[in-house]
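As stored in entry.cif (mmCIF, C-alpha atoms and all ligand atoms):
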```
data_target
loop_
_atom_site.label_atom_id
_atom_site.label_comp_id
_atom_site.auth_asym_id
_atom_site.auth_seq_id
_atom_site.Cartn_x
_atom_site.Cartn_y
_atom_site.Cartn_z
CA MET U 1 17.77 -12.44 8.07
CA SER U 2 15.38 -9.61 7.44
CA PHE U 3 13.51 -8.66 4.30
CA THR U 4 14.82 -5.86 2.10
CA LEU U 5 13.02 -3.58 -0.31
CA PRO U 6 14.02 -4.69 -3.83
CA ASN U 7 15.13 -2.09 -6.33
CA LEU U 8 12.72 -1.55 -9.21
CA PRO U 9 13.95 -3.24 -12.40
CA TYR U 10 13.34 0.09 -14.23
CA ALA U 11 13.24 3.82 -13.46
CA TYR U 12 10.27 5.44 -11.71
CA ASP U 13 9.23 7.15 -14.95
CA ALA U 14 9.74 4.08 -17.17
CA LEU U 15 6.08 3.04 -17.22
CA GLU U 16 4.76 6.44 -18.29
CA PRO U 17 2.29 7.39 -19.61
CA TYR U 18 0.48 4.34 -18.26
CA ILE U 19 1.71 4.63 -14.69
CA ASP U 20 3.19 8.00 -13.74
CA ALA U 21 6.57 8.52 -12.06
CA LYS U 22 5.19 10.16 -8.91
CA THR U 23 2.82 7.26 -8.26
CA MET U 24 5.63 4.74 -8.82
CA GLU U 25 8.00 6.61 -6.52
CA ILE U 26 5.52 6.91 -3.64
CA HIS U 27 4.27 3.36 -4.18
CA HIS U 28 7.75 1.85 -4.06
CA SER U 29 9.70 4.10 -1.68
CA LYS U 30 6.87 4.74 0.79
CA HIS U 31 4.21 2.02 0.59
CA HIS U 32 6.33 -1.01 -0.29
CA ASN U 33 9.10 0.23 1.98
CA GLY U 34 6.57 0.55 4.79
CA TYR U 35 5.30 -3.02 4.35
CA THR U 36 8.89 -4.27 4.32
CA ASN U 37 9.87 -2.45 7.53
CA ASN U 38 6.64 -3.37 9.29
CA LEU U 39 7.03 -7.03 8.30
CA ASN U 40 10.55 -7.06 9.73
CA GLY U 41 9.26 -5.45 12.92
CA ALA U 42 6.40 -7.94 13.22
CA ILE U 43 8.58 -11.06 12.88
CA GLN U 44 11.56 -9.83 14.89
CA GLY U 45 12.20 -12.11 17.84
CA THR U 46 9.50 -14.61 16.75
CA ASP U 47 9.92 -18.06 15.23
CA LEU U 48 9.10 -16.56 11.83
CA GLU U 49 12.43 -14.73 11.76
CA GLY U 50 14.66 -16.38 9.15
CA LYS U 51 11.78 -18.07 7.28
CA THR U 52 11.20 -17.36 3.60
CA ILE U 53 8.27 -15.15 2.67
CA GLU U 54 6.64 -18.14 0.92
CA ASP U 55 6.87 -20.17 4.17
CA ILE U 56 5.39 -17.35 6.19
CA LEU U 57 2.47 -16.92 3.76
CA ALA U 58 1.78 -20.66 3.61
CA ASN U 59 1.22 -20.63 7.39
CA ILE U 60 -0.38 -17.21 7.68
CA SER U 61 -3.43 -18.55 9.56
CA LYS U 62 -1.16 -18.98 12.58
CA ALA U 63 0.21 -15.42 12.38
CA GLY U 64 -1.29 -12.15 13.55
CA PRO U 65 -2.73 -9.37 11.41
CA ALA U 66 0.54 -7.41 11.26
CA VAL U 67 2.32 -10.34 9.60
CA ARG U 68 -0.65 -11.05 7.32
CA ASN U 69 -1.00 -7.46 6.12
CA ASN U 70 2.68 -6.60 5.82
CA GLY U 71 3.86 -10.04 4.67
CA GLY U 72 1.25 -9.93 1.93
CA GLY U 73 2.17 -6.34 1.12
CA TYR U 74 5.84 -7.23 0.91
CA TYR U 75 5.34 -10.24 -1.39
CA ASN U 76 2.60 -8.76 -3.59
CA HIS U 77 4.56 -5.65 -4.51
CA CYS U 78 7.76 -7.65 -5.19
CA LEU U 79 5.78 -9.64 -7.77
CA PHE U 80 3.93 -6.58 -9.12
CA TRP U 81 7.16 -4.73 -10.05
CA GLU U 82 8.52 -7.83 -11.78
CA VAL U 83 5.48 -8.45 -13.97
CA MET U 84 5.61 -4.96 -15.46
CA SER U 85 8.11 -3.56 -17.94
CA PRO U 86 8.49 -0.50 -20.18
CA ASN U 87 8.85 -3.06 -23.00
CA GLY U 88 5.68 -4.86 -21.98
CA GLY U 89 2.24 -5.12 -23.47
CA GLY U 90 1.00 -7.24 -26.35
CA GLU U 91 0.02 -10.84 -25.82
CA PRO U 92 1.76 -13.89 -24.43
CA SER U 93 2.90 -16.59 -26.86
CA GLY U 94 4.23 -20.11 -26.35
CA LYS U 95 2.94 -22.35 -23.58
CA LEU U 96 1.31 -19.54 -21.62
CA GLY U 97 -0.45 -18.21 -24.71
CA ASP U 98 -1.75 -21.71 -25.41
CA ALA U 99 -2.88 -22.19 -21.80
CA ILE U 100 -4.73 -18.86 -21.83
CA ASN U 101 -6.49 -19.73 -25.09
CA GLN U 102 -7.40 -23.16 -23.75
CA LYS U 103 -8.80 -21.84 -20.44
CA PHE U 104 -10.43 -18.58 -21.52
CA GLY U 105 -11.06 -19.13 -25.24
CA SER U 106 -8.99 -16.15 -26.35
CA PHE U 107 -6.62 -13.51 -25.04
CA GLU U 108 -9.43 -10.94 -25.32
CA ASN U 109 -11.67 -13.06 -23.10
CA PHE U 110 -8.86 -13.48 -20.62
CA LYS U 111 -8.33 -9.72 -20.55
CA THR U 112 -12.04 -9.11 -20.01
CA GLU U 113 -12.21 -11.57 -17.12
CA PHE U 114 -9.04 -10.31 -15.46
CA SER U 115 -10.21 -6.71 -15.82
CA LYS U 116 -13.57 -7.61 -14.30
CA ALA U 117 -11.89 -9.26 -11.30
CA ALA U 118 -9.80 -6.10 -10.81
CA ALA U 119 -12.68 -3.68 -11.31
CA THR U 120 -15.17 -5.47 -9.07
CA ARG U 121 -12.87 -6.00 -6.10
CA PHE U 122 -14.63 -3.77 -3.56
CA GLY U 123 -12.30 -1.43 -1.70
CA SER U 124 -8.62 -2.30 -1.64
CA GLY U 125 -7.09 -5.48 -2.98
CA TRP U 126 -5.48 -7.32 -5.86
CA ALA U 127 -6.40 -9.20 -9.04
CA TRP U 128 -4.51 -12.41 -9.81
CA LEU U 129 -3.72 -14.88 -12.54
CA CYS U 130 -2.70 -18.09 -10.80
CA VAL U 131 -1.59 -21.59 -11.62
CA LYS U 132 -3.64 -24.10 -9.65
CA ALA U 133 -2.22 -27.31 -8.18
CA ASP U 134 -3.40 -29.24 -11.28
CA GLY U 135 -1.47 -26.87 -13.58
CA SER U 136 -4.48 -25.01 -14.93
CA LEU U 137 -4.99 -21.23 -14.83
CA ARG U 138 -7.43 -19.27 -12.72
CA ILE U 139 -8.33 -15.60 -12.28
CA CYS U 140 -9.42 -14.26 -8.93
CA SER U 141 -9.13 -11.28 -6.61
CA SER U 142 -8.30 -10.89 -2.95
CA PRO U 143 -8.99 -8.20 -0.34
CA ASN U 144 -6.38 -5.99 1.31
CA GLN U 145 -2.90 -7.55 1.02
CA ASP U 146 -4.08 -11.17 1.00
CA ASN U 147 -2.76 -13.41 -1.78
CA PRO U 148 -3.14 -16.90 -3.28
CA LEU U 149 -0.09 -18.26 -1.42
CA MET U 150 -1.80 -17.76 1.94
CA ASP U 151 -3.31 -20.85 3.56
CA ILE U 152 -6.47 -18.82 4.22
CA SER U 153 -6.89 -17.92 0.52
CA GLU U 154 -10.19 -18.63 -1.23
CA CYS U 155 -8.27 -18.98 -4.51
CA PRO U 156 -5.11 -20.91 -3.65
CA GLY U 157 -2.43 -21.23 -6.32
CA THR U 158 0.88 -19.91 -7.57
CA PRO U 159 0.44 -16.28 -8.64
CA ILE U 160 2.09 -15.42 -11.97
CA LEU U 161 0.46 -12.03 -12.67
CA CYS U 162 -1.02 -9.49 -10.28
CA LEU U 163 -2.54 -6.04 -10.36
CA ASP U 164 -2.69 -3.73 -7.36
CA VAL U 165 -6.10 -2.02 -7.22
CA TRP U 166 -5.54 -0.10 -3.99
CA GLU U 167 -6.25 3.59 -4.65
CA HIS U 168 -2.59 4.39 -3.85
CA ALA U 169 -1.69 2.52 -7.04
CA TYR U 170 -3.61 4.85 -9.37
CA TYR U 171 -5.38 7.74 -7.66
CA LEU U 172 -2.87 10.52 -8.46
CA ASN U 173 -3.24 10.01 -12.19
CA TYR U 174 -6.58 8.27 -12.62
CA GLN U 175 -8.53 9.53 -9.56
CA ASN U 176 -11.64 7.33 -9.29
CA ARG U 177 -11.26 5.86 -12.79
CA ARG U 178 -10.05 2.41 -11.82
CA PRO U 179 -11.17 0.86 -15.15
CA ASP U 180 -8.89 3.28 -17.07
CA TYR U 181 -5.93 2.25 -14.90
CA ILE U 182 -6.73 -1.42 -15.49
CA GLU U 183 -6.87 -0.87 -19.26
CA ALA U 184 -3.56 1.02 -19.15
CA PHE U 185 -1.90 -1.78 -17.14
CA PHE U 186 -2.12 -4.14 -20.12
CA ASN U 187 0.33 -1.87 -21.98
CA VAL U 188 3.07 -2.62 -19.45
CA VAL U 189 2.51 -6.31 -18.63
CA ASN U 190 5.82 -8.16 -18.90
CA TRP U 191 4.57 -11.35 -20.58
CA ASP U 192 8.10 -12.78 -20.80
CA GLU U 193 8.32 -12.73 -17.01
CA VAL U 194 4.76 -14.07 -16.57
CA SER U 195 5.56 -16.89 -19.03
CA LYS U 196 8.70 -17.79 -17.08
CA ARG U 197 6.70 -17.99 -13.90
CA PHE U 198 4.00 -20.08 -15.61
CA GLU U 199 6.52 -22.62 -16.89
CA LYS U 200 8.22 -22.81 -13.48
CA ALA U 201 4.89 -23.43 -11.76
CA ASN U 202 3.98 -26.29 -14.11
MN MN3 H 1 0.23 -1.09 -3.42
#
```

Whole structure given in structure tokens:
Amino acid sequence: MSFTLPNLPYAYDALEPYIDAKTMEIHHSKHHNGYTNNLNGAIQGTDLEGKTIEDILANISKAGPAVRNNGGGYYNHCLFWEVMSPNGGGEPSGKLGDAINQKFGSFENFKTEFSKAAATRFGSGWAWLCVKADGSLRICSSPNQDNPLMDISECPGTPILCLDVWEHAYYLNYQNRRPDYIEAFFNVVNWDEVSKRFEKAN
């Protein structure tokens, strides 16, 4: 079994004006496709072939840098596409809304903390909202293509929301204005999907 590039659940231009079509097309068809192909190449003929991506990430300390970088890149982008939607934005309700209010005090505080994690990640990386082993929420960021499912992660947990802050995710439209991209992202967050993932992780 090898990994395949998933289709986007919407058209390349569906997230405009917040994320432009050209960025989405290059990001999905070039970057994510590259991680997928390189992951397949890195595990071919090894004992990782046939394992799930979650299994591979949970034992990433035993793998080489090609599996770490491309396995992370494969997983992270799969999640990223799913947690955005042209019908997104607003605020979560239900159990996730309650959990966010309980942990962060308010949705606005949550947004501020998540945005800070994304803005202050030096260089390339990701911001995360995770469910910890005890069921509570946590915000963190990771470098490069690392993620909270990796056994080397400093913020282990089940990721339910992520934001790519590599320059390839925003530079065409936002140039060096990462904070503007982060602000725009909240208009396309698919809270229904994030809520589903929260309830599954609990
Ligand atoms: Mn990316």

Exercise for the section: Within 8 Å of ligand MN3 1 (chain H), which residues show up when you count all atoms listed in the file? List them as a ChimeraX atom specification, please. Expected result: /U:27,31-32,73,77,164-166,168-169

Completion exercise
Between atom CA of Lys95 of chain U and atom CA of Pro148 of chain U lies a distance of 21.9 Å

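One finds atom CA of Ala99 of chain U at 22.0 Å from atom CA of Ser85 of chain U.
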
Fill in the blank from the handout: Using all atoms listed in the file, the best pick from U:Leu172, U:Met150, U:Cys140, U:Leu129 as closest to Val83 of chain U would be U:Leu129

Problem - Residue contacts of segment 174-189 of chain U (9 Å, all atoms listed in the file) excluding same-chain residues fewer than 5 positions away, as JSON, numbers by chain - result: {"U": [15, 17, 18, 19, 83, 84, 85, 86, 87, 88, 89, 90, 91, 111, 115, 116, 118, 119, 161, 163, 165, 167, 169, 194]}

Handout entry: One-decimal distance in Å that lies between atom CA of Thr23 of chain U and atom CA of Arg68 of chain U
Key =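 Value for the atom CA of Arg68 of chain U-atom CA of Thr23 of chain U distance: 24.3 Å.
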
Exercise: Ser153 of chain U partners within 12 Å, all atoms listed in the file, chain neighbours under 4 positions left out, as a PDB file with C-alpha atoms, in the frame of the given file:
```
ATOM      1  CA  LEU U  57       2.470 -16.920   3.760  1.00  0.00           C
ATOM      2  CA  ALA U  58       1.780 -20.660   3.610  1.00  0.00           C
ATOM      3  CA  ASN U  59       1.220 -20.630   7.390  1.00  0.00           C
ATOM      4  CA  ILE U  60      -0.380 -17.210   7.680  1.00  0.00           C
ATOM      5  CA  SER U  61      -3.430 -18.550   9.560  1.00  0.00           C
ATOM      6  CA  ARG U  68      -0.650 -11.050   7.320  1.00  0.00           C
ATOM      7  CA  GLY U  72       1.250  -9.930   1.930  1.00  0.00           C
ATOM      8  CA  TRP U 128      -4.510 -12.410  -9.810  1.00  0.00           C
ATOM      9  CA  CYS U 140      -9.420 -14.260  -8.930  1.00  0.00           C
ATOM     10  CA  SER U 141      -9.130 -11.280  -6.610  1.00  0.00           C
ATOM     11  CA  SER U 142      -8.300 -10.890  -2.950  1.00  0.00           C
ATOM     12  CA  PRO U 143      -8.990  -8.200  -0.340  1.00  0.00           C
ATOM     13  CA  ASN U 144      -6.380  -5.990   1.310  1.00  0.00           C
ATOM     14  CA  GLN U 145      -2.900  -7.550   1.020  1.00  0.00           C
ATOM     15  CA  ASP U 146      -4.080 -11.170   1.000  1.00  0.00           C
ATOM     16  CA  ASN U 147      -2.760 -13.410  -1.780  1.00  0.00           C
ATOM     17  CA  PRO U 148      -3.140 -16.900  -3.280  1.00  0.00           C
ATOM     18  CA  LEU U 149      -0.090 -18.260  -1.420  1.00  0.00           C
ATOM     19  CA  GLY U 157      -2.430 -21.230  -6.320  1.00  0.00           C
ATOM     20  CA  THR U 158       0.880 -19.910  -7.570  1.00  0.00           C
ATOM     21  CA  PRO U 159       0.440 -16.280  -8.640  1.00  0.00           C
TER      22      PRO U 159
END
```

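For the choices U:Ser2, U:Ile139, U:Phe80, U:Asn109, the atom-to-atom distance to Gly45 of chain U is smallest for U:Ser2 when using only C-alpha atoms.
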
Excluding Asn101 of chain U and its own-chain neighbours fewer than 5 positions away, which residues fall within 12 Å of it when counting only C-alpha atoms? Please give them as a PDB file with C-alpha atoms, in the coordinates of the input.
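What ended up in selection_34.pdb:
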```pdb
ATOM      1  CA  GLU U  91       0.020 -10.840 -25.820  1.00  0.00           C
ATOM      2  CA  PRO U  92       1.760 -13.890 -24.430  1.00  0.00           C
ATOM      3  CA  SER U  93       2.900 -16.590 -26.860  1.00  0.00           C
ATOM      4  CA  GLY U  94       4.230 -20.110 -26.350  1.00  0.00           C
ATOM      5  CA  LYS U  95       2.940 -22.350 -23.580  1.00  0.00           C
ATOM      6  CA  LEU U  96       1.310 -19.540 -21.620  1.00  0.00           C
ATOM      7  CA  SER U 106      -8.990 -16.150 -26.350  1.00  0.00           C
ATOM      8  CA  PHE U 107      -6.620 -13.510 -25.040  1.00  0.00           C
ATOM      9  CA  GLU U 108      -9.430 -10.940 -25.320  1.00  0.00           C
ATOM     10  CA  ASN U 109     -11.670 -13.060 -23.100  1.00  0.00           C
ATOM     11  CA  PHE U 110      -8.860 -13.480 -20.620  1.00  0.00           C
ATOM     12  CA  LYS U 111      -8.330  -9.720 -20.550  1.00  0.00           C
ATOM     13  CA  SER U 136      -4.480 -25.010 -14.930  1.00  0.00           C
ATOM     14  CA  LEU U 137      -4.990 -21.230 -14.830  1.00  0.00           C
TER      15      LEU U 137
END
```

Practice task
Write out as a VMD selection string which residues come within 12 Å of Gly41 of chain U when counting all atoms listed in the file, dropping same-chain ones fewer than 4 positions away.
Solution key: chain U and resid 2 to 3 34 to 37 45 to 46 48 to 49 66 to 67 70 to 71

Deliver the residues from the most recent selection as a file, using C-alpha atoms, as a PDB file, keeping the file's coordinate frame.
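Resulting contents of result.pdb:
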```pdb
ATOM      1  CA  SER U   2      15.380  -9.610   7.440  1.00  0.00           C
ATOM      2  CA  PHE U   3      13.510  -8.660   4.300  1.00  0.00           C
ATOM      3  CA  GLY U  34       6.570   0.550   4.790  1.00  0.00           C
ATOM      4  CA  TYR U  35       5.300  -3.020   4.350  1.00  0.00           C
ATOM      5  CA  THR U  36       8.890  -4.270   4.320  1.00  0.00           C
ATOM      6  CA  ASN U  37       9.870  -2.450   7.530  1.00  0.00           C
ATOM      7  CA  GLY U  45      12.200 -12.110  17.840  1.00  0.00           C
ATOM      8  CA  THR U  46       9.500 -14.610  16.750  1.00  0.00           C
ATOM      9  CA  LEU U  48       9.100 -16.560  11.830  1.00  0.00           C
ATOM     10  CA  GLU U  49      12.430 -14.730  11.760  1.00  0.00           C
ATOM     11  CA  ALA U  66       0.540  -7.410  11.260  1.00  0.00           C
ATOM     12  CA  VAL U  67       2.320 -10.340   9.600  1.00  0.00           C
ATOM     13  CA  ASN U  70       2.680  -6.600   5.820  1.00  0.00           C
ATOM     14  CA  GLY U  71       3.860 -10.040   4.670  1.00  0.00           C
TER      15      GLY U  71
END
```

Problem - Shell of 9 Å around segment 4-8 of chain U, only C-alpha atoms, local chain residues under 5 positions omitted, as number ranges by chain - result: U: 28-29, 32-33, 36-37, 40, 74, 78, 81-82

Taking the structure in the block just given, could you write segment 2-13 of chain U with N, CA, C and O atoms, as a PDB file, in the first residue's frame?
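Printed below is result.pdb as written:
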```pdb
ATOM      1  N   SER U   2       0.568   2.171  -0.856  1.00  0.00           N
ATOM      2  CA  SER U   2       1.294   3.439  -0.788  1.00  0.00           C
ATOM      3  C   SER U   2       0.291   4.568  -0.531  1.00  0.00           C
ATOM      4  O   SER U   2      -0.915   4.395  -0.688  1.00  0.00           O
ATOM      5  N   PHE U   3       0.807   5.692  -0.122  1.00  0.00           N
ATOM      6  CA  PHE U   3      -0.059   6.829   0.201  1.00  0.00           C
ATOM      7  C   PHE U   3      -0.434   7.584  -1.066  1.00  0.00           C
ATOM      8  O   PHE U   3       0.354   7.681  -1.997  1.00  0.00           O
ATOM      9  N   THR U   4      -1.655   8.085  -1.099  1.00  0.00           N
ATOM     10  CA  THR U   4      -2.108   8.828  -2.279  1.00  0.00           C
ATOM     11  C   THR U   4      -2.512  10.246  -1.870  1.00  0.00           C
ATOM     12  O   THR U   4      -3.010  10.476  -0.759  1.00  0.00           O
ATOM     13  N   LEU U   5      -2.287  11.160  -2.787  1.00  0.00           N
ATOM     14  CA  LEU U   5      -2.684  12.548  -2.563  1.00  0.00           C
ATOM     15  C   LEU U   5      -4.209  12.624  -2.560  1.00  0.00           C
ATOM     16  O   LEU U   5      -4.844  12.257  -3.546  1.00  0.00           O
ATOM     17  N   PRO U   6      -4.819  13.085  -1.459  1.00  0.00           N
ATOM     18  CA  PRO U   6      -6.280  13.198  -1.452  1.00  0.00           C
ATOM     19  C   PRO U   6      -6.744  14.372  -2.310  1.00  0.00           C
ATOM     20  O   PRO U   6      -6.024  15.368  -2.437  1.00  0.00           O
ATOM     21  N   ASN U   7      -7.915  14.231  -2.907  1.00  0.00           N
ATOM     22  CA  ASN U   7      -8.504  15.378  -3.593  1.00  0.00           C
ATOM     23  C   ASN U   7      -8.916  16.411  -2.555  1.00  0.00           C
ATOM     24  O   ASN U   7      -9.313  16.054  -1.443  1.00  0.00           O
ATOM     25  N   LEU U   8      -8.861  17.682  -2.926  1.00  0.00           N
ATOM     26  CA  LEU U   8      -9.401  18.711  -2.032  1.00  0.00           C
ATOM     27  C   LEU U   8     -10.916  18.543  -1.955  1.00  0.00           C
ATOM     28  O   LEU U   8     -11.555  18.210  -2.950  1.00  0.00           O
ATOM     29  N   PRO U   9     -11.496  18.795  -0.781  1.00  0.00           N
ATOM     30  CA  PRO U   9     -12.959  18.702  -0.661  1.00  0.00           C
ATOM     31  C   PRO U   9     -13.684  19.921  -1.243  1.00  0.00           C
ATOM     32  O   PRO U   9     -14.885  20.081  -1.019  1.00  0.00           O
ATOM     33  N   TYR U  10     -12.978  20.787  -1.966  1.00  0.00           N
ATOM     34  CA  TYR U  10     -13.562  21.991  -2.582  1.00  0.00           C
ATOM     35  C   TYR U  10     -12.632  22.396  -3.721  1.00  0.00           C
ATOM     36  O   TYR U  10     -11.527  21.847  -3.852  1.00  0.00           O
ATOM     37  N   ALA U  11     -13.066  23.350  -4.529  1.00  0.00           N
ATOM     38  CA  ALA U  11     -12.263  23.796  -5.669  1.00  0.00           C
ATOM     39  C   ALA U  11     -11.096  24.667  -5.197  1.00  0.00           C
ATOM     40  O   ALA U  11     -11.120  25.200  -4.081  1.00  0.00           O
ATOM     41  N   TYR U  12     -10.081  24.792  -6.057  1.00  0.00           N
ATOM     42  CA  TYR U  12      -8.909  25.601  -5.697  1.00  0.00           C
ATOM     43  C   TYR U  12      -9.284  27.047  -5.361  1.00  0.00           C
ATOM     44  O   TYR U  12      -8.641  27.677  -4.530  1.00  0.00           O
ATOM     45  N   ASP U  13     -10.329  27.574  -6.008  1.00  0.00           N
ATOM     46  CA  ASP U  13     -10.675  28.978  -5.764  1.00  0.00           C
ATOM     47  C   ASP U  13     -11.745  29.145  -4.674  1.00  0.00           C
ATOM     48  O   ASP U  13     -12.206  30.253  -4.424  1.00  0.00           O
TER      49      ASP U  13
END
```
